[in-house]
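Chemist: This structure is in structure tokens; I'll ask about it shortly.
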Amino acid sequence: MILPHISYHKVLDQIKDGIFITDIKQKIVYWNFGAAELTGYKSSEIVGRFCYDIGALCKKDHRGHTLCSPEACPLAKALIENKSGIYPHLVFMMTKRKEELPVSINVGPIHDIEGKIVGGICVFRDMRDEYRQRRLAGEIQRKMVTLGKIRKNGVFIETIYKPVEEIGGDFLEAFFLDDKSLVITVADATGHGISASLFTVIYKTLLHSSFAFLHNPVEVLRNVNHGFLKTSQIDGYYITAAMVIYNPVTRTGKYASAGHPPALIFRKTDAGYQLKQELCIRSLMIGVEDNVQFSEIDFQLDNDEFLFLFSDGLYEAECKGGQFGTEGIKRFFSSYSGYDLLNDLLLHLNEQSIYVELIDDVSMIKLEPSLNF
């Protein structure tokens, strides 16, 4: 009874979130009080202008990519595809004060009574506090993982750690128990963001506490699994993990896995690198059930060979020819002659992906023998 007598302007102006409405060509026809408060732009400065003219309004996504194109703009895509929803990443809007405002946005088309699309709506929420917390959490997580290149005790290690957001659900680490025992591991927790990162913290804690009294990868995985089930007690959250203990003196190692993609050993050839051995173990993930029987594979690395571990963000990436998988890795390595293998592989994966950007965290470790002790 009361709704016909209330202006939608007055209702929307009571909402603290920013709201703007555009016509079919994305010219802004309404700008609420919340939008003015967040951006510093008054309604009189915005209404009648196109959203891509204002600086641009939605300047970039969390990767720094511009959003002002029909292919990238969330609102433009909502109008073209006739779909509504929350954009999965933070967006940075440019305020009148030339400051970047991190926001979450929800977009959708507006239909007339006949169902025809006549415009679009965007609701954006201030995410400055959460963004600061996520940035801090990301910095802490990067200090927990092994990054870059390490040449020590007869091994050369390279790593790539590329979370989708500021913080991710992947974990990788390389550390020495002593001069003759190197541990490398890659793990991948369910989901993304802060919740997944918390499970990687649990994994790292259990991993290091296990190595205090265990020195076999199978026994360590078993202990980590038992501790994870006892600690997390949350259904539906699991971790896949690959673990290696390697002796740089004998150049031999043991590989164990908990539901993780296979490890690969490549040998240098005249044209590139050829797959020598696939270390594949079928097993349950960490956190599924207690008393799991994990298994291991012995391996050896000769001169001009390397061991390659990675997360499923690489293995399961959806590419133009299907899932990237072992075949995609083999094809890339088979003719590679550059000097930055992991970074170049990541660039190649981005080029092959069916998405504008990768939708899962990607982590990689390359281990090869070195003459430097």
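To be explicit about the labels: the chains of the structure tokens are called A, B, and onward in the order shown, and within each one the residues are counted from 1, while ligands get numbers from 1 in the order they are shown.
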Quick one: which region 130-212 of chain A residues come within 10 Å of region 265-286 of chain A, and what is the nearest atom pair for each with the distance in Å to one decimal, counting only C-alpha atoms, rows ordered by chain and ascending number, as a Markdown table?

Modeler:
```
| residue | atom | partner | partner_atom | distance |
| --- | --- | --- | --- | --- |
| A:Ala187 | CA | A:Ile286 | CA | 9.9 |
| A:Asp188 | CA | A:Met285 | CA | 9.9 |
| A:Ala189 | CA | A:Ile286 | CA | 9.3 |
| A:Tyr203 | CA | A:Ile286 | CA | 9.3 |
```

Chemist: DSSP on the backbone: what in region 105-266 of chain A comes out helix (DSSP H, G or I), as a ChimeraX atom specification?

Modeler: /A:128-144,193-210,217-232

Chemist: Measure the distance from CA of Phe294 (chain A) to CA of Phe175 (chain A) in Å and round it to one decimal.

Modeler: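 Here the two named atoms are 22.0 Å from each other.
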
Chemist: Out of A:Gly338, A:Pro102, A:Pro262, A:Gly322, which residue has the shortest atom-to-atom distance to Phe308 (chain A) when counting only C-alpha atoms?

Modeler: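 With only C-alpha atoms as the atom set, the closest residue is A:Pro262.
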
Chemist: For CA of Ser197 (chain A) and CA of Met364 (chain A), determine how far apart the two atoms are, in Å to one decimal place.

Modeler: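 Separation between CA of Ser197 (chain A) and CA of Met364 (chain A): 17.0 Å.
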
Chemist: Which one of A:Ile24, A:Leu347, A:Ile80, A:Ile365 sits closest to Leu264 (chain A) if you count only C-alpha atoms?

Modeler: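 Distance minimum relative to Leu264 (chain A) lands on A:Ile365.
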
Chemist: Do a neighbour search on Val103 (chain A) at 6 Å with only C-alpha atoms, toss out local chain neighbours closer than 3 positions, and write the hits as a list of chain:residue names.

Modeler: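 Selected residues are A:Leu90, A:Val91, A:Phe124, A:Arg125, A:Asp126, A:Met127.
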
Chemist: Determine, counting only C-alpha atoms, which protein, DNA and RNA residues have an atom within 7 Å of an atom of Val218 (chain A); residues of the same chain fewer than 4 positions away are not included. Present the result as a list in words.

Modeler: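 Those residues are Arg222, Ala256, Phe294, Ser295 and Glu296 of chain A.
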
Chemist: Can you check which residues of region 194-361 of chain A DSSP gives as strand (DSSP E or B) on the backbone and send them as a tab-separated table (two decimals) with all heavy atoms, in the first residue's frame?

Modeler:
```
chain	number	residue	atom	x	y	z
A	239	ILE	N	43.23	-30.68	1.76
A	239	ILE	CA	44.50	-30.20	1.21
A	239	ILE	C	45.10	-31.31	0.36
A	239	ILE	O	45.20	-32.46	0.80
A	239	ILE	CB	45.50	-29.82	2.32
A	239	ILE	CG1	44.99	-28.63	3.14
A	239	ILE	CG2	46.87	-29.47	1.72
A	239	ILE	CD1	45.89	-28.26	4.30
A	240	THR	N	45.49	-30.99	-0.86
A	240	THR	CA	46.34	-31.90	-1.63
A	240	THR	C	47.78	-31.48	-1.39
A	240	THR	O	48.07	-30.29	-1.20
A	240	THR	CB	46.03	-31.85	-3.14
A	240	THR	OG1	46.48	-30.61	-3.69
A	240	THR	CG2	44.52	-32.01	-3.39
A	241	ALA	N	48.68	-32.45	-1.40
A	241	ALA	CA	50.07	-32.13	-1.12
A	241	ALA	C	51.00	-33.09	-1.83
A	241	ALA	O	50.71	-34.29	-1.96
A	241	ALA	CB	50.35	-32.16	0.39
A	242	ALA	N	52.12	-32.56	-2.31
A	242	ALA	CA	53.22	-33.36	-2.83
A	242	ALA	C	54.44	-33.06	-1.99
A	242	ALA	O	54.69	-31.90	-1.64
A	242	ALA	CB	53.49	-33.04	-4.29
A	243	MET	N	55.22	-34.09	-1.66
A	243	MET	CA	56.37	-33.90	-0.78
A	243	MET	C	57.56	-34.72	-1.27
A	243	MET	O	57.41	-35.86	-1.70
A	243	MET	CB	56.01	-34.32	0.64
A	243	MET	CG	57.09	-34.04	1.66
A	243	MET	SD	56.60	-34.60	3.30
A	243	MET	CE	55.06	-33.72	3.49
A	244	VAL	N	58.73	-34.10	-1.20
A	244	VAL	CA	59.97	-34.75	-1.62
A	244	VAL	C	61.02	-34.57	-0.54
A	244	VAL	O	61.16	-33.48	0.02
A	244	VAL	CB	60.49	-34.15	-2.95
A	244	VAL	CG1	61.93	-34.58	-3.22
A	244	VAL	CG2	59.60	-34.56	-4.11
A	245	ILE	N	61.76	-35.65	-0.25
A	245	ILE	CA	62.99	-35.56	0.53
A	245	ILE	C	64.12	-35.99	-0.40
A	245	ILE	O	64.11	-37.11	-0.94
A	245	ILE	CB	62.95	-36.45	1.79
A	245	ILE	CG1	61.84	-35.96	2.72
A	245	ILE	CG2	64.29	-36.42	2.51
A	245	ILE	CD1	61.77	-36.74	4.03
A	246	TYR	N	65.08	-35.09	-0.59
A	246	TYR	CA	66.12	-35.29	-1.60
A	246	TYR	C	67.50	-35.18	-0.96
A	246	TYR	O	67.75	-34.28	-0.15
A	246	TYR	CB	65.96	-34.23	-2.69
A	246	TYR	CG	67.02	-34.28	-3.77
A	246	TYR	CD1	67.03	-35.29	-4.72
A	246	TYR	CD2	68.00	-33.29	-3.83
A	246	TYR	CE1	67.99	-35.31	-5.72
A	246	TYR	CE2	68.97	-33.31	-4.83
A	246	TYR	CZ	68.97	-34.33	-5.76
A	246	TYR	OH	69.91	-34.35	-6.75
A	247	ASN	N	68.39	-36.13	-1.36
A	247	ASN	CA	69.78	-36.13	-0.89
A	247	ASN	C	70.66	-35.58	-2.00
A	247	ASN	O	70.85	-36.24	-3.02
A	247	ASN	CB	70.22	-37.55	-0.53
A	247	ASN	CG	71.60	-37.59	0.09
A	247	ASN	OD1	72.48	-36.81	-0.25
A	247	ASN	ND2	71.80	-38.53	1.01
A	252	THR	N	69.55	-38.73	-4.96
A	252	THR	CA	68.39	-39.61	-4.90
A	252	THR	C	67.35	-38.98	-3.98
A	252	THR	O	67.67	-38.15	-3.12
A	252	THR	CB	68.76	-41.00	-4.36
A	252	THR	OG1	69.33	-40.86	-3.04
A	252	THR	CG2	69.75	-41.69	-5.28
A	253	GLY	N	66.11	-39.38	-4.17
A	253	GLY	CA	65.05	-38.82	-3.35
A	253	GLY	C	63.86	-39.75	-3.24
A	253	GLY	O	63.77	-40.77	-3.93
A	254	LYS	N	62.94	-39.35	-2.37
A	254	LYS	CA	61.68	-40.07	-2.20
A	254	LYS	C	60.54	-39.07	-2.40
A	254	LYS	O	60.59	-37.95	-1.87
A	254	LYS	CB	61.59	-40.70	-0.82
A	254	LYS	CG	62.61	-41.81	-0.56
A	254	LYS	CD	62.42	-42.40	0.83
A	254	LYS	CE	63.42	-43.51	1.10
A	254	LYS	NZ	63.21	-44.68	0.20
A	255	TYR	N	59.54	-39.50	-3.16
A	255	TYR	CA	58.39	-38.65	-3.45
A	255	TYR	C	57.13	-39.30	-2.90
A	255	TYR	O	56.90	-40.50	-3.06
A	255	TYR	CB	58.25	-38.46	-4.98
A	255	TYR	CG	56.94	-37.87	-5.41
A	255	TYR	CD1	56.70	-36.51	-5.32
A	255	TYR	CD2	55.91	-38.69	-5.91
A	255	TYR	CE1	55.50	-35.96	-5.72
A	255	TYR	CE2	54.70	-38.15	-6.32
A	255	TYR	CZ	54.49	-36.79	-6.21
A	255	TYR	OH	53.28	-36.25	-6.61
A	256	ALA	N	56.32	-38.49	-2.21
A	256	ALA	CA	55.03	-38.96	-1.70
A	256	ALA	C	53.96	-37.92	-2.04
A	256	ALA	O	54.26	-36.74	-2.22
A	256	ALA	CB	55.09	-39.20	-0.20
A	257	SER	N	52.72	-38.38	-2.12
A	257	SER	CA	51.64	-37.49	-2.55
A	257	SER	C	50.36	-37.79	-1.78
A	257	SER	O	50.09	-38.93	-1.42
A	257	SER	CB	51.39	-37.64	-4.05
A	257	SER	OG	50.22	-36.96	-4.45
A	258	ALA	N	49.58	-36.73	-1.56
A	258	ALA	CA	48.24	-36.87	-0.97
A	258	ALA	C	47.24	-36.21	-1.93
A	258	ALA	O	46.95	-35.02	-1.82
A	258	ALA	CB	48.19	-36.21	0.40
A	263	ALA	N	54.35	-35.51	-9.95
A	263	ALA	CA	55.61	-34.80	-10.15
A	263	ALA	C	56.24	-35.30	-11.45
A	263	ALA	O	56.03	-36.46	-11.84
A	263	ALA	CB	56.54	-35.05	-8.96
A	264	LEU	N	57.02	-34.46	-12.11
A	264	LEU	CA	57.59	-34.81	-13.41
A	264	LEU	C	59.10	-34.60	-13.37
A	264	LEU	O	59.59	-33.61	-12.82
A	264	LEU	CB	56.98	-33.96	-14.51
A	264	LEU	CG	55.45	-33.95	-14.61
A	264	LEU	CD1	54.99	-32.95	-15.67
A	264	LEU	CD2	54.91	-35.34	-14.92
A	265	ILE	N	59.83	-35.52	-13.98
A	265	ILE	CA	61.27	-35.38	-14.14
A	265	ILE	C	61.58	-35.21	-15.62
A	265	ILE	O	61.17	-36.03	-16.45
A	265	ILE	CB	62.02	-36.61	-13.58
A	265	ILE	CG1	61.79	-36.71	-12.06
A	265	ILE	CG2	63.52	-36.50	-13.88
A	265	ILE	CD1	62.45	-37.94	-11.43
A	266	PHE	N	62.28	-34.13	-15.95
A	266	PHE	CA	62.63	-33.83	-17.34
A	266	PHE	C	64.14	-33.91	-17.54
A	266	PHE	O	64.92	-33.61	-16.63
A	266	PHE	CB	62.14	-32.43	-17.72
A	266	PHE	CG	60.66	-32.35	-17.96
A	266	PHE	CD1	59.79	-32.07	-16.91
A	266	PHE	CD2	60.13	-32.55	-19.23
A	266	PHE	CE1	58.43	-32.00	-17.12
A	266	PHE	CE2	58.76	-32.48	-19.45
A	266	PHE	CZ	57.91	-32.21	-18.40
A	267	ARG	N	64.52	-34.29	-18.76
A	267	ARG	CA	65.93	-34.38	-19.15
A	267	ARG	C	66.21	-33.40	-20.29
A	267	ARG	O	65.40	-33.29	-21.23
A	267	ARG	CB	66.28	-35.80	-19.58
A	267	ARG	CG	67.71	-35.96	-20.09
A	267	ARG	CD	67.94	-37.32	-20.72
A	267	ARG	NE	67.87	-38.38	-19.72
A	267	ARG	CZ	67.04	-39.41	-19.80
A	267	ARG	NH1	66.19	-39.51	-20.82
A	267	ARG	NH2	67.05	-40.35	-18.87
A	268	LYS	N	67.33	-32.70	-20.25
A	268	LYS	CA	67.71	-31.75	-21.30
A	268	LYS	C	68.05	-32.49	-22.57
A	268	LYS	O	68.73	-33.51	-22.57
A	268	LYS	CB	68.93	-30.93	-20.85
A	268	LYS	CG	69.34	-29.85	-21.83
A	268	LYS	CD	68.36	-28.70	-21.78
A	268	LYS	CE	68.83	-27.54	-22.67
A	268	LYS	NZ	68.65	-27.82	-24.13
A	273	TYR	N	63.43	-29.97	-23.48
A	273	TYR	CA	63.43	-30.91	-22.36
A	273	TYR	C	62.42	-32.01	-22.65
A	273	TYR	O	61.29	-31.76	-23.06
A	273	TYR	CB	63.07	-30.21	-21.05
A	273	TYR	CG	64.05	-29.14	-20.64
A	273	TYR	CD1	63.88	-27.82	-21.05
A	273	TYR	CD2	65.16	-29.45	-19.86
A	273	TYR	CE1	64.78	-26.84	-20.69
A	273	TYR	CE2	66.08	-28.48	-19.48
A	273	TYR	CZ	65.87	-27.17	-19.91
A	273	TYR	OH	66.78	-26.20	-19.55
A	274	GLN	N	62.85	-33.24	-22.39
A	274	GLN	CA	61.99	-34.41	-22.63
A	274	GLN	C	61.59	-35.04	-21.31
A	274	GLN	O	62.40	-35.13	-20.37
A	274	GLN	CB	62.75	-35.44	-23.48
A	274	GLN	CG	61.95	-36.69	-23.78
A	274	GLN	CD	62.76	-37.70	-24.58
A	274	GLN	OE1	63.95	-37.53	-24.77
A	274	GLN	NE2	62.11	-38.76	-25.04
A	275	LEU	N	60.33	-35.46	-21.20
A	275	LEU	CA	59.85	-36.11	-19.99
A	275	LEU	C	60.55	-37.45	-19.81
A	275	LEU	O	60.46	-38.33	-20.66
A	275	LEU	CB	58.34	-36.30	-20.04
A	275	LEU	CG	57.70	-36.95	-18.80
A	275	LEU	CD1	57.88	-36.06	-17.57
A	275	LEU	CD2	56.22	-37.23	-19.04
A	276	LYS	N	61.24	-37.60	-18.69
A	276	LYS	CA	61.94	-38.85	-18.38
A	276	LYS	C	61.07	-39.77	-17.52
A	276	LYS	O	61.01	-40.98	-17.75
A	276	LYS	CB	63.25	-38.55	-17.66
A	276	LYS	CG	63.95	-39.78	-17.10
A	276	LYS	CD	65.10	-39.39	-16.18
A	276	LYS	CE	65.69	-40.61	-15.48
A	276	LYS	NZ	66.76	-40.24	-14.52
A	277	GLN	N	60.38	-39.17	-16.54
A	277	GLN	CA	59.62	-40.00	-15.59
A	277	GLN	C	58.47	-39.20	-15.00
A	277	GLN	O	58.62	-38.01	-14.70
A	277	GLN	CB	60.55	-40.48	-14.46
A	277	GLN	CG	59.91	-41.47	-13.50
A	277	GLN	CD	60.88	-41.96	-12.44
A	277	GLN	OE1	62.04	-41.53	-12.41
A	277	GLN	NE2	60.42	-42.84	-11.58
A	278	GLU	N	57.33	-39.84	-14.88
A	278	GLU	CA	56.16	-39.24	-14.24
A	278	GLU	C	55.93	-39.95	-12.91
A	278	GLU	O	55.70	-41.16	-12.88
A	278	GLU	CB	54.93	-39.36	-15.13
A	278	GLU	CG	53.69	-38.73	-14.54
A	278	GLU	CD	52.51	-38.73	-15.51
A	278	GLU	OE1	52.71	-39.08	-16.69
A	278	GLU	OE2	51.38	-38.41	-15.09
A	279	LEU	N	56.04	-39.20	-11.83
A	279	LEU	CA	55.86	-39.78	-10.50
A	279	LEU	C	54.39	-39.58	-10.10
A	279	LEU	O	54.00	-38.53	-9.63
A	279	LEU	CB	56.78	-39.10	-9.49
A	279	LEU	CG	58.27	-39.04	-9.86
A	279	LEU	CD1	59.07	-38.33	-8.78
A	279	LEU	CD2	58.83	-40.44	-10.09
A	286	ILE	N	44.59	-34.86	2.10
A	286	ILE	CA	44.69	-34.65	3.54
A	286	ILE	C	43.35	-34.10	4.05
A	286	ILE	O	42.80	-33.17	3.48
A	286	ILE	CB	45.83	-33.67	3.87
A	286	ILE	CG1	47.18	-34.31	3.54
A	286	ILE	CG2	45.78	-33.23	5.32
A	286	ILE	CD1	48.34	-33.35	3.61
A	296	GLU	N	55.09	-44.04	-1.54
A	296	GLU	CA	56.16	-43.19	-2.04
A	296	GLU	C	56.85	-43.83	-3.24
A	296	GLU	O	56.71	-45.03	-3.49
A	296	GLU	CB	57.19	-42.91	-0.94
A	296	GLU	CG	57.92	-44.14	-0.46
A	296	GLU	CD	58.84	-43.87	0.72
A	296	GLU	OE1	58.53	-42.96	1.52
A	296	GLU	OE2	59.85	-44.59	0.86
A	297	ILE	N	57.59	-43.01	-4.00
A	297	ILE	CA	58.34	-43.47	-5.16
A	297	ILE	C	59.78	-42.96	-5.03
A	297	ILE	O	60.00	-41.79	-4.74
A	297	ILE	CB	57.73	-42.94	-6.48
A	297	ILE	CG1	56.30	-43.44	-6.66
A	297	ILE	CG2	58.59	-43.34	-7.68
A	297	ILE	CD1	55.60	-42.86	-7.89
A	298	ASP	N	60.75	-43.87	-5.23
A	298	ASP	CA	62.15	-43.47	-5.26
A	298	ASP	C	62.50	-42.90	-6.63
A	298	ASP	O	61.98	-43.35	-7.66
A	298	ASP	CB	63.06	-44.67	-4.96
A	298	ASP	CG	62.88	-45.20	-3.55
A	298	ASP	OD1	62.60	-44.38	-2.65
A	298	ASP	OD2	63.01	-46.42	-3.36
A	299	PHE	N	63.38	-41.92	-6.65
A	299	PHE	CA	63.83	-41.34	-7.93
A	299	PHE	C	65.27	-40.89	-7.81
A	299	PHE	O	65.83	-40.78	-6.72
A	299	PHE	CB	62.94	-40.16	-8.34
A	299	PHE	CG	63.07	-38.96	-7.47
A	299	PHE	CD1	64.00	-37.96	-7.76
A	299	PHE	CD2	62.27	-38.80	-6.34
A	299	PHE	CE1	64.13	-36.84	-6.95
A	299	PHE	CE2	62.39	-37.68	-5.52
A	299	PHE	CZ	63.32	-36.70	-5.83
A	300	GLN	N	65.88	-40.62	-8.99
A	300	GLN	CA	67.24	-40.11	-9.03
A	300	GLN	C	67.32	-39.02	-10.10
A	300	GLN	O	66.67	-39.09	-11.14
A	300	GLN	CB	68.22	-41.23	-9.38
A	300	GLN	CG	69.68	-40.77	-9.43
A	300	GLN	CD	70.67	-41.92	-9.44
A	300	GLN	OE1	70.30	-43.06	-9.19
A	300	GLN	NE2	71.93	-41.62	-9.72
A	305	GLU	N	69.06	-32.85	-15.61
A	305	GLU	CA	67.70	-33.26	-15.30
A	305	GLU	C	67.15	-32.39	-14.18
A	305	GLU	O	67.90	-31.83	-13.38
A	305	GLU	CB	67.66	-34.74	-14.89
A	305	GLU	CG	68.03	-35.70	-15.99
A	305	GLU	CD	67.98	-37.15	-15.56
A	305	GLU	OE1	67.83	-37.42	-14.34
A	305	GLU	OE2	68.09	-38.02	-16.43
A	306	PHE	N	65.84	-32.28	-14.12
A	306	PHE	CA	65.22	-31.55	-13.02
A	306	PHE	C	63.88	-32.17	-12.64
A	306	PHE	O	63.21	-32.81	-13.47
A	306	PHE	CB	65.07	-30.06	-13.32
A	306	PHE	CG	64.10	-29.72	-14.42
A	306	PHE	CD1	62.72	-29.63	-14.17
A	306	PHE	CD2	64.55	-29.46	-15.71
A	306	PHE	CE1	61.83	-29.30	-15.17
A	306	PHE	CE2	63.65	-29.13	-16.72
A	306	PHE	CZ	62.29	-29.05	-16.45
A	307	LEU	N	63.52	-31.98	-11.39
A	307	LEU	CA	62.23	-32.43	-10.86
A	307	LEU	C	61.29	-31.23	-10.83
A	307	LEU	O	61.67	-30.14	-10.40
A	307	LEU	CB	62.41	-32.99	-9.45
A	307	LEU	CG	61.12	-33.42	-8.71
A	307	LEU	CD1	60.54	-34.67	-9.33
A	307	LEU	CD2	61.42	-33.64	-7.24
A	308	PHE	N	60.05	-31.44	-11.25
A	308	PHE	CA	59.09	-30.35	-11.37
A	308	PHE	C	57.84	-30.68	-10.56
A	308	PHE	O	57.16	-31.67	-10.82
A	308	PHE	CB	58.74	-30.15	-12.84
A	308	PHE	CG	57.83	-28.98	-13.12
A	308	PHE	CD1	58.07	-27.73	-12.56
A	308	PHE	CD2	56.73	-29.12	-13.96
A	308	PHE	CE1	57.24	-26.66	-12.81
A	308	PHE	CE2	55.91	-28.05	-14.24
A	308	PHE	CZ	56.16	-26.82	-13.66
A	309	LEU	N	57.54	-29.85	-9.53
A	309	LEU	CA	56.32	-29.96	-8.75
A	309	LEU	C	55.45	-28.74	-9.01
A	309	LEU	O	55.97	-27.63	-9.20
A	309	LEU	CB	56.62	-30.04	-7.25
A	309	LEU	CG	57.48	-31.19	-6.72
A	309	LEU	CD1	57.62	-31.07	-5.20
A	309	LEU	CD2	56.87	-32.53	-7.08
A	310	PHE	N	54.13	-28.91	-8.94
A	310	PHE	CA	53.23	-27.80	-9.25
A	310	PHE	C	51.87	-28.05	-8.63
A	310	PHE	O	51.53	-29.18	-8.25
A	310	PHE	CB	53.09	-27.64	-10.77
A	310	PHE	CG	52.85	-28.94	-11.49
A	310	PHE	CD1	51.56	-29.42	-11.70
A	310	PHE	CD2	53.92	-29.71	-11.93
A	310	PHE	CE1	51.33	-30.62	-12.35
A	310	PHE	CE2	53.70	-30.93	-12.58
A	310	PHE	CZ	52.41	-31.38	-12.78
A	318	GLU	N	41.99	-24.47	-17.69
A	318	GLU	CA	41.19	-24.66	-18.90
A	318	GLU	C	41.78	-23.81	-20.02
A	318	GLU	O	41.78	-22.58	-19.95
A	318	GLU	CB	39.74	-24.27	-18.63
A	318	GLU	CG	39.02	-25.17	-17.64
A	318	GLU	CD	38.88	-26.60	-18.16
A	318	GLU	OE1	38.82	-26.79	-19.39
A	318	GLU	OE2	38.83	-27.53	-17.33
A	319	CYS	N	42.28	-24.48	-21.04
A	319	CYS	CA	42.95	-23.80	-22.15
A	319	CYS	C	42.20	-24.06	-23.46
A	319	CYS	O	41.23	-24.81	-23.50
A	319	CYS	CB	44.40	-24.25	-22.25
A	319	CYS	SG	45.38	-23.81	-20.80
A	322	GLY	N	41.76	-27.61	-24.35
A	322	GLY	CA	41.30	-28.45	-23.25
A	322	GLY	C	42.14	-28.21	-22.01
A	322	GLY	O	42.86	-27.23	-21.90
A	323	GLN	N	42.07	-29.13	-21.05
A	323	GLN	CA	42.83	-28.99	-19.82
A	323	GLN	C	44.33	-29.02	-20.12
A	323	GLN	O	44.80	-29.84	-20.91
A	323	GLN	CB	42.46	-30.12	-18.85
A	323	GLN	CG	42.94	-29.92	-17.44
A	323	GLN	CD	42.47	-31.03	-16.50
A	323	GLN	OE1	43.06	-32.10	-16.45
A	323	GLN	NE2	41.39	-30.78	-15.78
A	353	SER	N	45.10	-19.81	-21.82
A	353	SER	CA	43.88	-19.89	-21.02
A	353	SER	C	42.67	-19.36	-21.78
A	353	SER	O	42.78	-18.40	-22.55
A	353	SER	CB	44.05	-19.10	-19.72
A	353	SER	OG	42.84	-19.06	-18.99
```

Chemist: Restrict the calculation to only C-alpha atoms, then for each residue of region 34-118 of chain A with any atom at most 7 Å from an atom of region 14-19 of chain A give the closest atom pair and their distance in Å to one decimal, rows by chain and rising residue number, as a tab-separated table.

Modeler:
```
residue	atom	partner	partner_atom	distance
A:Gly34	CA	A:Gly18	CA	4.5
A:Ala35	CA	A:Gly18	CA	3.7
A:Leu38	CA	A:Gly18	CA	6.9
```

Chemist: Sorted by chain and rising residue number, which residues of region 266-361 of chain A lie within 10 Å of region 161-170 of chain A, and what are their closest atom pairs and distances in Å to one decimal, counting only C-alpha atoms, as JSON lines?

Modeler:
```
{"residue": "A:Phe310", "atom": "CA", "partner": "A:Tyr161", "partner_atom": "CA", "distance": 9.8}
{"residue": "A:Ser311", "atom": "CA", "partner": "A:Asp170", "partner_atom": "CA", "distance": 7.3}
{"residue": "A:Asp312", "atom": "CA", "partner": "A:Asp170", "partner_atom": "CA", "distance": 9.4}
{"residue": "A:Gly313", "atom": "CA", "partner": "A:Asp170", "partner_atom": "CA", "distance": 9.0}
{"residue": "A:Leu346", "atom": "CA", "partner": "A:Lys162", "partner_atom": "CA", "distance": 9.1}
{"residue": "A:Glu357", "atom": "CA", "partner": "A:Val164", "partner_atom": "CA", "distance": 8.8}
{"residue": "A:Leu358", "atom": "CA", "partner": "A:Val164", "partner_atom": "CA", "distance": 7.1}
{"residue": "A:Ile359", "atom": "CA", "partner": "A:Val164", "partner_atom": "CA", "distance": 6.4}
{"residue": "A:Asp360", "atom": "CA", "partner": "A:Val164", "partner_atom": "CA", "distance": 5.8}
{"residue": "A:Asp361", "atom": "CA", "partner": "A:Pro163", "partner_atom": "CA", "distance": 4.3}
```

Chemist: CA of Thr250 (chain A) and CA of Val224 (chain A), how far apart in Å?

Modeler: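 About the pair CA of Val224 (chain A) and CA of Thr250 (chain A): they are 27.3 Å apart.
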
Chemist: At a cut-off of 8 Å, using only C-alpha atoms, what residues contact Ile157 (chain A)? Leave out same-chain residues fewer than 2 positions from it and give the result as a PyMOL selection string.

Modeler: chain A and resi 149-151+155+159+365-368

Chemist: When you look at Glu173 (chain A) with a cut-off of 9 Å (counting only C-alpha atoms), what residues show up, excluding the ones that are within fewer than 6 positions of it in the same chain? I need them as a list of chain:residue names.

Modeler: A:Met144, A:Val145, A:Thr146, A:Leu147, A:Thr159, A:Val183, A:Ile184, A:Thr185, A:Val186, A:Lys204, A:Ile365

Chemist: Using only C-alpha atoms, which residues sit within 12 Å of Leu177 (chain A) once same-chain residues fewer than 2 positions away are excluded, as a PyMOL selection string?

Modeler: chain A and resi 153+174-175+179-184+208+210-216+245-247
